[in-house]
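Shown next: model-v5.cif, containing mmCIF, C-alpha atoms and all ligand atoms.
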```cif
data_target
#
loop_
_atom_site.group_PDB
_atom_site.id
_atom_site.type_symbol
_atom_site.label_atom_id
_atom_site.label_comp_id
_atom_site.auth_asym_id
_atom_site.auth_seq_id
_atom_site.Cartn_x
_atom_site.Cartn_y
_atom_site.Cartn_z
ATOM 1 C CA MET V 1 111.860 194.026 70.083
ATOM 2 C CA SER V 2 110.920 192.726 66.654
ATOM 3 C CA ALA V 3 107.534 192.862 64.999
ATOM 4 C CA GLY V 4 104.382 191.225 66.247
ATOM 5 C CA LEU V 5 100.638 191.102 66.172
ATOM 6 C CA PHE V 6 98.303 190.468 69.075
ATOM 7 C CA VAL V 7 95.213 188.529 68.073
ATOM 8 C CA THR V 8 92.328 189.433 70.350
ATOM 9 C CA GLY V 9 88.635 188.705 70.047
ATOM 10 C CA THR V 10 85.227 190.038 70.889
ATOM 11 C CA ASP V 11 84.689 187.010 73.093
ATOM 12 C CA THR V 12 85.901 183.542 73.924
ATOM 13 C CA GLY V 13 85.419 181.214 70.950
ATOM 14 C CA ALA V 14 85.573 184.077 68.424
ATOM 15 C CA GLY V 15 88.202 182.305 66.350
ATOM 16 C CA LYS V 16 91.430 183.799 67.742
ATOM 17 C CA THR V 17 93.327 180.521 67.520
ATOM 18 C CA LEU V 18 91.993 179.837 64.046
ATOM 19 C CA VAL V 19 92.991 183.282 62.766
ATOM 20 C CA ALA V 20 96.379 183.236 64.540
ATOM 21 C CA CYS V 21 97.151 179.844 62.976
ATOM 22 C CA ALA V 22 95.938 180.935 59.540
ATOM 23 C CA LEU V 23 98.174 184.030 59.737
ATOM 24 C CA LEU V 24 101.158 181.954 60.860
ATOM 25 C CA LYS V 25 100.665 179.667 57.891
ATOM 26 C CA LEU V 26 100.396 182.581 55.449
ATOM 27 C CA LEU V 27 103.403 184.372 56.925
ATOM 28 C CA ARG V 28 105.609 181.279 56.960
ATOM 29 C CA ARG V 29 104.539 180.472 53.407
ATOM 30 C CA ALA V 30 105.681 183.995 52.454
ATOM 31 C CA GLY V 31 109.105 183.133 53.890
ATOM 32 C CA ILE V 32 108.641 185.154 57.093
ATOM 33 C CA ASP V 33 109.951 183.568 60.318
ATOM 34 C CA ALA V 34 106.709 183.915 62.306
ATOM 35 C CA VAL V 35 106.031 182.090 65.571
ATOM 36 C CA GLY V 36 102.910 181.744 67.713
ATOM 37 C CA PHE V 37 102.571 182.736 71.380
ATOM 38 C CA LYS V 38 99.896 182.550 74.060
ATOM 39 C CA PRO V 39 100.727 184.007 77.491
ATOM 40 C CA VAL V 40 98.556 181.585 79.440
ATOM 41 C CA ALA V 41 96.412 178.574 78.549
ATOM 42 C CA THR V 42 93.870 176.734 80.665
ATOM 43 C CA GLY V 43 91.901 173.518 80.275
ATOM 44 C CA VAL V 44 94.105 170.495 79.611
ATOM 45 C CA GLU V 45 92.676 167.665 77.476
ATOM 46 C CA ASP V 46 94.554 164.340 77.333
ATOM 47 C CA GLY V 47 97.726 166.104 78.455
ATOM 48 C CA LYS V 48 97.366 168.785 75.778
ATOM 49 C CA TRP V 49 96.257 172.406 75.607
ATOM 50 C CA LEU V 50 94.487 172.649 72.261
ATOM 51 C CA ASP V 51 95.392 176.290 71.552
ATOM 52 C CA VAL V 52 99.049 175.550 72.291
ATOM 53 C CA GLU V 53 98.995 172.490 70.039
ATOM 54 C CA ALA V 54 97.435 174.506 67.221
ATOM 55 C CA LEU V 55 99.917 177.399 67.550
ATOM 56 C CA TYR V 56 102.814 174.924 67.787
ATOM 57 C CA ALA V 57 101.698 173.141 64.603
ATOM 58 C CA ALA V 58 101.131 176.399 62.708
ATOM 59 C CA SER V 59 104.594 177.587 63.814
ATOM 60 C CA ALA V 60 106.015 174.454 62.156
ATOM 61 C CA GLY V 61 107.832 173.470 65.358
ATOM 62 C CA ALA V 62 109.895 176.690 65.359
ATOM 63 C CA GLU V 63 109.767 176.716 69.186
ATOM 64 C CA PRO V 64 108.847 174.111 71.807
ATOM 65 C CA ARG V 65 105.363 174.224 73.333
ATOM 66 C CA GLU V 66 106.590 175.606 76.677
ATOM 67 C CA ARG V 67 108.081 178.640 74.911
ATOM 68 C CA ILE V 68 104.945 179.167 72.811
ATOM 69 C CA CYS V 69 102.918 179.143 76.037
ATOM 70 C CA PRO V 70 104.905 179.480 79.278
ATOM 71 C CA LEU V 71 101.940 179.342 81.697
ATOM 72 C CA ARG V 72 99.616 176.345 81.430
ATOM 73 C CA PHE V 73 96.985 175.273 83.957
ATOM 74 C CA ALA V 74 94.804 172.176 84.015
ATOM 75 C CA ALA V 75 91.397 173.536 85.038
ATOM 76 C CA PRO V 76 89.104 174.755 82.226
ATOM 77 C CA MET V 77 88.598 178.086 84.002
ATOM 78 C CA ALA V 78 89.593 181.735 83.631
ATOM 79 C CA PRO V 79 93.394 182.091 84.093
ATOM 80 C CA VAL V 80 93.428 183.571 87.608
ATOM 81 C CA GLN V 81 91.022 180.888 88.909
ATOM 82 C CA ALA V 82 92.768 178.030 87.094
ATOM 83 C CA ALA V 83 96.108 179.069 88.633
ATOM 84 C CA LYS V 84 94.532 179.421 92.091
ATOM 85 C CA ARG V 85 93.296 175.807 91.814
ATOM 86 C CA GLU V 86 96.965 174.815 91.683
ATOM 87 C CA GLY V 87 97.860 177.056 94.623
ATOM 88 C CA ILE V 88 99.542 179.598 92.345
ATOM 89 C CA GLU V 89 98.992 183.328 92.305
ATOM 90 C CA LEU V 90 99.157 184.163 88.621
ATOM 91 C CA ASP V 91 101.937 186.585 87.684
ATOM 92 C CA MET V 92 102.454 187.753 84.097
ATOM 93 C CA GLY V 93 106.192 188.458 84.606
ATOM 94 C CA PRO V 94 107.335 185.113 83.141
ATOM 95 C CA ALA V 95 104.976 185.516 80.175
ATOM 96 C CA ARG V 96 106.343 189.001 79.463
ATOM 97 C CA ARG V 97 109.899 187.674 79.534
ATOM 98 C CA ALA V 98 108.972 184.686 77.335
ATOM 99 C CA LEU V 99 107.384 186.986 74.762
ATOM 100 C CA ALA V 100 110.399 189.314 74.708
ATOM 101 C CA GLU V 101 112.676 186.314 74.187
ATOM 102 C CA LEU V 102 110.578 184.919 71.318
ATOM 103 C CA ALA V 103 110.453 188.340 69.715
ATOM 104 C CA SER V 104 114.237 188.631 69.889
ATOM 105 C CA ARG V 105 114.676 185.334 68.054
ATOM 106 C CA HIS V 106 112.018 185.581 65.322
ATOM 107 C CA ALA V 107 110.982 188.062 62.666
ATOM 108 C CA LEU V 108 107.373 188.195 63.846
ATOM 109 C CA VAL V 109 105.351 186.915 66.805
ATOM 110 C CA VAL V 110 101.637 186.185 66.383
ATOM 111 C CA ALA V 111 100.328 186.277 69.940
ATOM 112 C CA GLU V 112 96.869 185.109 70.955
ATOM 113 C CA GLY V 113 94.994 186.649 73.858
ATOM 114 C CA ILE V 114 92.633 184.961 76.296
ATOM 115 C CA GLY V 115 88.900 185.533 75.884
ATOM 116 C CA GLY V 116 88.204 189.249 75.281
ATOM 117 C CA LEU V 117 90.154 192.392 76.197
ATOM 118 C CA LEU V 118 89.192 192.770 79.833
ATOM 119 C CA VAL V 119 89.955 189.278 81.104
ATOM 120 C CA PRO V 120 92.144 189.557 84.238
ATOM 121 C CA LEU V 121 95.556 187.896 83.945
ATOM 122 C CA ASP V 122 96.973 188.825 87.328
ATOM 123 C CA GLU V 123 96.273 191.306 90.100
ATOM 124 C CA ARG V 124 97.426 194.264 88.008
ATOM 125 C CA THR V 125 97.030 193.042 84.439
ATOM 126 C CA LEU V 126 94.070 192.680 82.111
ATOM 127 C CA VAL V 127 94.552 191.250 78.605
ATOM 128 C CA ILE V 128 94.528 194.778 77.164
ATOM 129 C CA ASP V 129 97.351 195.812 79.534
ATOM 130 C CA PHE V 130 99.425 192.838 78.396
ATOM 131 C CA ILE V 131 98.791 193.778 74.747
ATOM 132 C CA LYS V 132 99.753 197.390 75.402
ATOM 133 C CA GLN V 133 102.952 196.312 77.193
ATOM 134 C CA SER V 134 103.878 194.056 74.255
ATOM 135 C CA GLY V 135 103.950 197.061 71.943
ATOM 136 C CA PHE V 136 102.223 194.990 69.251
ATOM 137 C CA PRO V 137 99.187 196.228 67.315
ATOM 138 C CA ALA V 138 95.968 194.314 67.912
ATOM 139 C CA LEU V 139 94.146 192.213 65.371
ATOM 140 C CA VAL V 140 90.493 191.893 66.362
ATOM 141 C CA VAL V 141 88.508 188.754 65.539
ATOM 142 C CA CYS V 142 84.730 189.302 65.687
ATOM 143 C CA LYS V 143 82.369 186.387 66.295
ATOM 144 C CA ALA V 144 79.641 186.875 63.689
ATOM 145 C CA GLN V 145 76.716 185.931 65.907
ATOM 146 C CA LEU V 146 73.949 188.211 67.167
ATOM 147 C CA GLY V 147 75.553 190.822 69.433
ATOM 148 C CA THR V 148 78.725 191.174 67.398
ATOM 149 C CA VAL V 149 78.121 194.843 66.551
ATOM 150 C CA ASN V 150 77.997 195.767 70.236
ATOM 151 C CA HIS V 151 80.943 193.535 71.171
ATOM 152 C CA THR V 152 83.064 194.763 68.271
ATOM 153 C CA LEU V 153 82.367 198.448 68.882
ATOM 154 C CA LEU V 154 83.147 198.021 72.598
ATOM 155 C CA THR V 155 86.385 196.214 71.752
ATOM 156 C CA LEU V 156 87.490 198.846 69.236
ATOM 157 C CA ARG V 157 86.554 201.681 71.589
ATOM 158 C CA GLU V 158 88.607 200.127 74.384
ATOM 159 C CA LEU V 159 91.631 199.623 72.108
ATOM 160 C CA ASP V 160 91.374 203.244 70.957
ATOM 161 C CA ARG V 161 91.012 204.434 74.548
ATOM 162 C CA ALA V 162 94.113 202.480 75.593
ATOM 163 C CA GLY V 163 96.074 203.788 72.604
ATOM 164 C CA VAL V 164 96.628 200.319 71.112
ATOM 165 C CA PRO V 165 96.834 200.506 67.295
ATOM 166 C CA VAL V 166 94.525 198.181 65.375
ATOM 167 C CA ALA V 167 96.269 196.254 62.592
ATOM 168 C CA ALA V 168 93.068 194.683 61.264
ATOM 169 C CA VAL V 169 89.543 193.640 62.141
ATOM 170 C CA ILE V 170 88.343 190.263 60.864
ATOM 171 C CA MET V 171 84.763 189.000 60.892
ATOM 172 C CA ASN V 172 84.605 185.255 61.508
ATOM 173 C CA VAL V 173 81.552 183.044 61.055
ATOM 174 C CA THR V 174 81.986 180.286 63.652
ATOM 175 C CA ARG V 175 78.531 178.730 63.080
ATOM 176 C CA ALA V 176 76.665 178.164 59.811
ATOM 177 C CA GLU V 177 73.553 179.842 61.225
ATOM 178 C CA ASP V 178 75.454 183.133 61.670
ATOM 179 C CA THR V 179 76.299 183.432 57.968
ATOM 180 C CA GLU V 180 73.497 185.878 57.204
ATOM 181 C CA ASN V 181 74.412 188.069 60.162
ATOM 182 C CA ALA V 182 77.985 188.670 58.964
ATOM 183 C CA ARG V 183 77.508 191.164 56.128
ATOM 184 C CA PRO V 184 74.968 193.494 57.794
ATOM 185 C CA SER V 185 77.112 193.448 60.942
ATOM 186 C CA VAL V 186 80.194 194.455 58.947
ATOM 187 C CA GLU V 187 78.265 197.356 57.417
ATOM 188 C CA GLU V 188 76.932 198.470 60.788
ATOM 189 C CA ILE V 189 80.353 198.287 62.447
ATOM 190 C CA GLU V 190 81.935 200.308 59.628
ATOM 191 C CA ARG V 191 79.182 202.919 59.915
ATOM 192 C CA HIS V 192 79.977 203.525 63.601
ATOM 193 C CA THR V 193 83.750 203.382 63.772
ATOM 194 C CA ARG V 194 86.691 204.566 61.708
ATOM 195 C CA HIS V 195 87.994 200.991 61.566
ATOM 196 C CA ARG V 196 87.343 198.866 58.445
ATOM 197 C CA ILE V 197 86.755 195.121 58.381
ATOM 198 C CA ALA V 198 89.747 193.775 56.478
ATOM 199 C CA ALA V 199 88.324 190.309 55.818
ATOM 200 C CA THR V 200 85.466 187.946 56.493
ATOM 201 C CA ILE V 201 86.025 184.234 57.113
ATOM 202 C CA SER V 202 83.009 182.155 56.212
ATOM 203 C CA PHE V 203 81.876 179.105 58.144
ATOM 204 C CA CYS V 204 83.954 176.623 56.278
ATOM 205 C CA VAL V 205 83.858 173.079 57.544
ATOM 206 C CA ALA V 206 82.249 169.864 58.555
ATOM 207 C CA PRO V 207 82.369 169.443 62.359
ATOM 208 C CA GLU V 208 84.825 166.551 62.397
ATOM 209 C CA ILE V 209 87.498 168.353 60.370
ATOM 210 C CA HIS V 210 90.981 168.488 61.929
ATOM 211 C CA GLN V 211 91.916 171.899 63.435
ATOM 212 C CA ASP V 212 95.045 172.144 61.286
ATOM 213 C CA GLU V 213 92.991 171.585 58.121
ATOM 214 C CA LEU V 214 90.533 174.216 59.314
ATOM 215 C CA ALA V 215 93.430 176.670 59.784
ATOM 216 C CA ALA V 216 94.651 175.837 56.262
ATOM 217 C CA LYS V 217 91.176 176.577 54.891
ATOM 218 C CA ALA V 218 91.005 179.849 56.839
ATOM 219 C CA ALA V 219 94.470 180.754 55.512
ATOM 220 C CA GLU V 220 93.216 180.238 51.973
ATOM 221 C CA ILE V 221 90.219 182.516 52.599
ATOM 222 C CA LEU V 222 92.297 185.176 54.381
ATOM 223 C CA GLY V 223 95.046 185.074 51.767
ATOM 224 C CA GLN V 224 92.537 186.224 49.154
ATOM 225 C CA GLN V 225 91.551 189.256 51.242
ATOM 226 C CA ILE V 226 94.657 190.512 53.055
ATOM 227 C CA GLN V 227 98.392 190.953 52.421
ATOM 228 C CA VAL V 228 100.138 189.467 55.448
ATOM 229 C CA SER V 229 103.641 190.449 54.385
ATOM 230 C CA ALA V 230 102.727 194.079 55.177
ATOM 231 C CA TRP V 231 102.896 193.144 58.888
ATOM 232 C CA ALA V 232 106.428 191.850 58.819
ATOM 233 C CA GLY V 233 109.261 194.247 59.589
ATOM 234 C CA ARG V 234 107.106 196.860 61.255
HETATM 235 N N1 LIG V 301 85.150 180.002 60.305
HETATM 236 C C1 LIG V 301 84.971 178.908 61.044
HETATM 237 N N2 LIG V 301 84.370 177.807 60.499
HETATM 238 C C2 LIG V 301 84.179 176.701 61.248
HETATM 239 N N3 LIG V 301 84.528 176.570 62.529
HETATM 240 C C3 LIG V 301 85.138 177.624 63.127
HETATM 241 C C4 LIG V 301 85.378 178.835 62.422
HETATM 242 N N4 LIG V 301 85.977 179.701 63.270
HETATM 243 C C5 LIG V 301 86.118 179.058 64.434
HETATM 244 N N5 LIG V 301 85.599 177.817 64.363
HETATM 245 C C6 LIG V 301 85.554 176.823 65.464
HETATM 246 O O1 LIG V 301 85.037 177.497 66.598
HETATM 247 C C7 LIG V 301 85.739 177.124 67.756
HETATM 248 C C8 LIG V 301 86.346 178.365 68.407
HETATM 249 O O2 LIG V 301 87.399 178.845 67.577
HETATM 250 P P1 LIG V 301 88.806 179.212 68.227
HETATM 251 O O3 LIG V 301 89.264 178.108 69.119
HETATM 252 O O4 LIG V 301 89.729 179.634 67.150
HETATM 253 O O5 LIG V 301 88.355 180.461 69.117
HETATM 254 P P2 LIG V 301 89.201 181.255 70.230
HETATM 255 O O6 LIG V 301 88.785 182.669 70.151
HETATM 256 O O7 LIG V 301 90.628 180.949 70.049
HETATM 257 O O8 LIG V 301 88.657 180.583 71.567
HETATM 258 P P3 LIG V 301 89.324 180.654 73.044
HETATM 259 O O9 LIG V 301 88.738 181.860 73.699
HETATM 260 O O10 LIG V 301 88.881 179.371 73.661
HETATM 261 O O11 LIG V 301 90.815 180.732 72.878
HETATM 262 C C9 LIG V 301 86.773 176.088 67.348
HETATM 263 O O12 LIG V 301 86.258 174.789 67.528
HETATM 264 C C10 LIG V 301 86.964 176.376 65.870
HETATM 265 O O13 LIG V 301 87.357 175.242 65.161
HETATM 266 MG MG MG V 302 91.978 180.123 71.385
#
```
Output the structure of this file as C-alpha cells.
Amino acid sequence: MSAGLFVTGTDTGAGKTLVACALLKLLRRAGIDAVGFKPVATGVEDGKWLDVEALYAASAGAEPRERICPLRFAAPMAPVQAAKREGIELDMGPARRALAELASRHALVVAEGIGGLLVPLDERTLVIDFIKQSGFPALVVCKAQLGTVNHTLLTLRELDRAGVPVAAVIMNVTRAEDTENARPSVEEIERHTRHRIAATISFCVAPEIHQDELAAKAAEILGQQIQVSAWAGR
C-alpha cells in the first residue's frame, strides 16, 4: 500500500474536511498525486454530500465521487443509524477495499474520518480501528473552543494506546470567538503530552465564503507552517 494520512478530529465540526482539502491542495501543488477519501458520509443536501464534494474538488477530479466515498447515506445521522434508516447493516469491508484500491493507484491518500475517534462504523469497527487497519498515521485536528485541551489529550492518549503514529496535530479556530483560546490551549496541550502542535489555523473567513476558497485560505496558512512533501513517499 502506498502512503497516506488519516485526518481525524477531536469532535465533529473540528475542521477535518477543511484541513484534508487544504493538505490535498498543498500536496497537489507540490506535484504529489494525492487523492481524498472518506469511508462513509451521511446527510445528503440537494443530492450532494458536502464533505465528498469538497474532497472531490480538492482532489482535482482525480477520482469519481463514489471512489472518494464508497458508502453514502441520506440521513444526517451517525453512520450506523443512517445506514439502518435505509435497511442496511453497515459493513466497512467495501470501504477498506476502496481505500486499498485508491492507495494502489495514487502516491498519497488523504483520508478523513467521521466525527471523533470512537464513532462506531460497524458492529466491530470504531473510527480508530479503521485508521489502525489503514496503516496510515493520524493527523489530529483540534477544535479551538473551550474543552479542546481535554478532547485533544483524550484523542492523543487513545491514538498512543492503539499504537497509531501521529503525523501532526493542528489547532483550528472554527469560530472567531475561540481565537483567544487557541494559544493557551496549545501551550497546555504541549505541557501534558509529548506531541507538538505543528500548526494553528486562524478563523479566516466571512460566513458566506465558498468552501473551496476557505480550503485555499487554509492551505495558504498551513503552507507557511508545515512541509507537506515530508508526508509523501513514507
Ligand atoms: N479556520 C476556519 N475558519 C472559518 N471557518 C472554519 C474554519 N475551520 C472550519 N470552519 C467551518 O466550520 C465548519 C466545520 O468544518 P469542517 O466541515 O471542516 O469540519 P469536520 O470536522 O470535517 O466536520 P464533520 O464532522 O461534519 O465532518 C465548516 O462550515 C467550515 O467551513
Ligand atoms: Mg467533514
Taking the file above as input, evaluate the PyMOL selection byres (((chain V and resi 121) around 12) and not hetatm) and report the hits as a VMD selection string.
-> chain V and resid 39 to 42 71 78 to 84 89 to 93 95 to 96 113 to 120 122 to 131
Please produce, as a tab-separated table, a per-residue contact table for chain V versus ligand LIG 301 (chain V) (criterion: any atom at most 7 Å away, all atoms listed in the file considered), showing the nearest atom pair and its distance in Å to one decimal, sorted by chain then residue number.
```
residue	atom	partner	partner_atom	distance
V:Gly9	CA	V:LIG301	O6	6.0
V:Asp11	CA	V:LIG301	O9	6.6
V:Thr12	CA	V:LIG301	O9	3.3
V:Gly13	CA	V:LIG301	O8	3.4
V:Ala14	CA	V:LIG301	O6	3.9
V:Gly15	CA	V:LIG301	O4	3.2
V:Lys16	CA	V:LIG301	O6	3.8
V:Thr17	CA	V:LIG301	O7	3.7
V:Leu18	CA	V:LIG301	O4	3.8
V:Val19	CA	V:LIG301	O4	6.6
V:Asp51	CA	V:LIG301	O11	6.5
V:Ile114	CA	V:LIG301	O9	5.6
V:Gly115	CA	V:LIG301	O9	4.3
V:Asn172	CA	V:LIG301	N1	5.4
V:Val173	CA	V:LIG301	N1	4.8
V:Thr174	CA	V:LIG301	C4	3.9
V:Arg175	CA	V:LIG301	C2	6.3
V:Ile201	CA	V:LIG301	N1	5.4
V:Ser202	CA	V:LIG301	N1	5.1
V:Phe203	CA	V:LIG301	N2	3.7
V:Cys204	CA	V:LIG301	N2	4.4
V:Val205	CA	V:LIG301	C2	5.2
V:Gln211	CA	V:LIG301	O13	5.9
V:Leu214	CA	V:LIG301	O13	6.7
V:Ala218	CA	V:LIG301	N1	6.8
```
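You will find atom CA of V:Ala232 at 21.4 Å from atom CA of V:Arg97.
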Pick out the closest residue to ligand MG 302 (chain V) from this set: V:Glu112, V:Asp46, V:Glu53, V:Glu63. Count all atoms listed in the file.
-> V:Glu112
Given the PyMOL selection byres (((chain V and resi 216) around 10) and not hetatm), the residues it picks as a PyMOL selection string = chain V and resi 18+21-23+25-26+58+210-215+217-222
May I have the residues from that selection written out with C-alpha atoms, as a PDB file, in the frame of the given file?
```pdb
ATOM      1  CA  LEU V  18      91.993 179.837  64.046  1.00  0.00           C
ATOM      2  CA  CYS V  21      97.151 179.844  62.976  1.00  0.00           C
ATOM      3  CA  ALA V  22      95.938 180.935  59.540  1.00  0.00           C
ATOM      4  CA  LEU V  23      98.174 184.030  59.737  1.00  0.00           C
ATOM      5  CA  LYS V  25     100.665 179.667  57.891  1.00  0.00           C
ATOM      6  CA  LEU V  26     100.396 182.581  55.449  1.00  0.00           C
ATOM      7  CA  ALA V  58     101.131 176.399  62.708  1.00  0.00           C
ATOM      8  CA  HIS V 210      90.981 168.488  61.929  1.00  0.00           C
ATOM      9  CA  GLN V 211      91.916 171.899  63.435  1.00  0.00           C
ATOM     10  CA  ASP V 212      95.045 172.144  61.286  1.00  0.00           C
ATOM     11  CA  GLU V 213      92.991 171.585  58.121  1.00  0.00           C
ATOM     12  CA  LEU V 214      90.533 174.216  59.314  1.00  0.00           C
ATOM     13  CA  ALA V 215      93.430 176.670  59.784  1.00  0.00           C
ATOM     14  CA  LYS V 217      91.176 176.577  54.891  1.00  0.00           C
ATOM     15  CA  ALA V 218      91.005 179.849  56.839  1.00  0.00           C
ATOM     16  CA  ALA V 219      94.470 180.754  55.512  1.00  0.00           C
ATOM     17  CA  GLU V 220      93.216 180.238  51.973  1.00  0.00           C
ATOM     18  CA  ILE V 221      90.219 182.516  52.599  1.00  0.00           C
ATOM     19  CA  LEU V 222      92.297 185.176  54.381  1.00  0.00           C
TER      20      LEU V 222
END
```
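If you measure from each of V:Ile189, V:Val109, V:Ile226, V:Val52 to V:Ser134 using all atoms listed in the file, the closest one turns out to be V:Val109.
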Starting from the shown file, work through the PyMOL selection byres (((chain V and resi 76) around 6) and not hetatm) and note down what comes out as a PyMOL selection string.
-> chain V and resi 42-43+75+77
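Between atom CA of V:Ala54 and atom CA of V:Thr155 the interatomic distance comes to 24.8 Å.
For the set V:Thr193, V:Ser185, V:Gln133, V:Gln225, the residue with the smallest atom-to-atom gap to V:Ala100 is V:Gln133, counting only C-alpha atoms.
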Would you list the contacts of V:Arg183 as a ChimeraX atom specification, taking every protein, DNA or RNA residue within 9 Å and counting only C-alpha atoms, but skipping same-chain residues closer than 4 positions in sequence?
-> /V:144,171,179,187-188,200
From V:Leu99, V:Leu5, V:Ala198, V:Ala111, residue lying nearest ligand MG 302 (chain V) [only C-alpha atoms and all ligand atoms] | V:Ala111
Straight-line distance linking atom CA of V:Phe136 with atom CA of V:Phe6, stated in Å to one decimal = 6.0 Å
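With distances restricted to all atoms listed in the file, V:Ala62 is the closest residue to V:Val35 from V:Cys69, V:Ala62, V:Ala57, V:Cys142.
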Please provide the set of residues having any atom within 12 Å of V:Trp231, restricted to only C-alpha atoms, with same-chain residues fewer than 4 positions apart removed, written as a VMD selection string.
-> chain V and resid 2 to 6 23 to 24 26 to 27 30 32 to 34 107 to 110 136 to 139 166 to 168 226 to 227
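Distance annotation: of V:Asn150, V:Arg85, V:Pro64, V:Val141, the residue with the minimal separation from ligand MG 302 (chain V) is V:Val141; atom set is all atoms listed in the file.
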